[in-house]
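Read through the structure below, which is laid out as structure tokens, and then see the notes.
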Amino acid sequence: MIRIVIAEDQQMLLGAFGSLLNLEEDMEVVGQATNGEEAVSLVKKLQPDICIMDIEMPGKTGLEAAEELKGLGCKLIILTTFARSGYFQRALKAGVSGYLLKDSPSDELAKAIRSVMGGRRIYAPELMDDVYGEGNPLTDREKEVLELIADGKNTKEIAEELSIKTGTVRNYISVILDKLEVKNRIEAITQFKEKGWFK
């Protein structure tokens, strides 16, 4: 019997996933969590074979929980609506065995669980293009500058915080806009968020 913990902050979906998986002859849902914190403690307590986790949950995200559970022997499958390359890259680093999208057919989930139990890795095909395609083009310093812009800081405040000249900050900003192929700071922040590149 494959023992499963599900973490999903939308109660209706949590119940639906639980019911669907319990219908499978070789699966049993042993625990349900509504946030990342609960997921971590349930996995440590119940030691399931698999934990299926959403990404955007209150308190602790599914990615943070996955990073915390790495190496504990429980296989992790991310089940999310977000096909974002930044999220996917981070999930891979956390050692997840599967990354599926919620709009996949429901029988795909049971198949994926059995494949993961068999030692395979299952990733949504839409994400594989991202892995071999675009990565984050910004350097660490450029990312730092963009994060400060996203925090609402102006050029002078960024310069003070990073102990550099305002002219240097302006140069960084124009390089960021150029690399991301956007017209202004707002578009840069939006694109960075959409791709899941913010920490």
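Every chain in the structure tokens has a letter given in the order shown (A, B, ...), and although residue numbers restart at 1 in each chain, ligands are simply numbered from 1 in the order shown.
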
Can you check which parts of stretch 113-193 of chain A lie within 12 Å of stretch 23-47 of chain A? Per residue, the shortest pair of atoms and distance in Å to one decimal, counting only C-alpha atoms, sorted by chain and number, as JSON lines.
```
{"residue": "A:Ile113", "atom": "CA", "partner": "A:Met27", "partner_atom": "CA", "distance": 9.2}
{"residue": "A:Arg114", "atom": "CA", "partner": "A:Asp26", "partner_atom": "CA", "distance": 9.2}
{"residue": "A:Met117", "atom": "CA", "partner": "A:Met27", "partner_atom": "CA", "distance": 11.3}
```

Extract the full set of helix (DSSP H, G or I) residues from stretch 47-172 of chain A according to DSSP on the backbone, and format it as a PyMOL selection string. chain A and resi 62-69+85-93+106-117+125-132+140-150+155-162+166-172

Pick the closest to A:Lys156 from A:Lys195, A:Lys143, A:Lys183, A:Arg170: which is it, counting only C-alpha atoms?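 Among the listed residues, A:Arg170 lies closest to A:Lys156.
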
Using only C-alpha atoms, the shortest atom-to-atom distance to A:Ser97 among A:Met57, A:Ile50, A:Leu127, A:Ile173 belongs to A:Ile50

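The coordinates place atom CA of A:Arg84 at 12.8 Å from atom CA of A:Thr190.
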
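Here the question is which of A:Leu162, A:Leu21, A:Ile2, A:Ala66 gets nearest to A:Gly118 using only C-alpha atoms, and that residue is A:Ile2.
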
Tell me, which residues of stretch 87-192 of chain A carry DSSP strand (DSSP E or B), written as number ranges by chain? A: 98-101, 122-123

Would you save the residues of that selection, restricted to C-alpha atoms, as an mmCIF file, in the first residue's frame?
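Saved the output as out11.cif:
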```
data_model
loop_
_atom_site.group_PDB
_atom_site.id
_atom_site.type_symbol
_atom_site.label_atom_id
_atom_site.label_comp_id
_atom_site.auth_asym_id
_atom_site.auth_seq_id
_atom_site.Cartn_x
_atom_site.Cartn_y
_atom_site.Cartn_z
ATOM 1 C CA GLY A 98 7.503 14.932 -9.668
ATOM 2 C CA TYR A 99 6.147 18.315 -10.749
ATOM 3 C CA LEU A 100 2.629 18.154 -12.186
ATOM 4 C CA LEU A 101 0.088 20.771 -13.177
ATOM 5 C CA ILE A 122 7.770 12.708 -13.623
ATOM 6 C CA TYR A 123 7.691 16.337 -14.800
#
```

Show me, as a ChimeraX atom specification, the residues that have an atom within 9 Å of A:Cys51 when counting only C-alpha atoms, minus same-chain residues fewer than 4 positions from it. /A:3-7,39,43,74-78

Taking into account only C-alpha atoms, which residue in the set A:Glu144, A:Glu8, A:Asp107, A:Asp151 is nearest to A:Thr80? A:Glu8

Residue among A:Leu69, A:Ile149, A:Leu20, A:Ala112 lying closest to A:Ala188, counting only C-alpha atoms: A:Ile149

Coordinates-based distance that separates atom CA of A:Gly196 from atom CA of A:Ala159 (Å, one decimal):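 Here the two named atoms are 25.4 Å from each other.
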
Select, from A:Leu177, A:Gly86, A:Gly167, A:Ala94, the residue with the minimum atom-to-atom distance to A:Lys193, counting only C-alpha atoms.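 Comparing A:Leu177, A:Gly86, A:Gly167, A:Ala94 against A:Lys193, the winner is A:Gly86.
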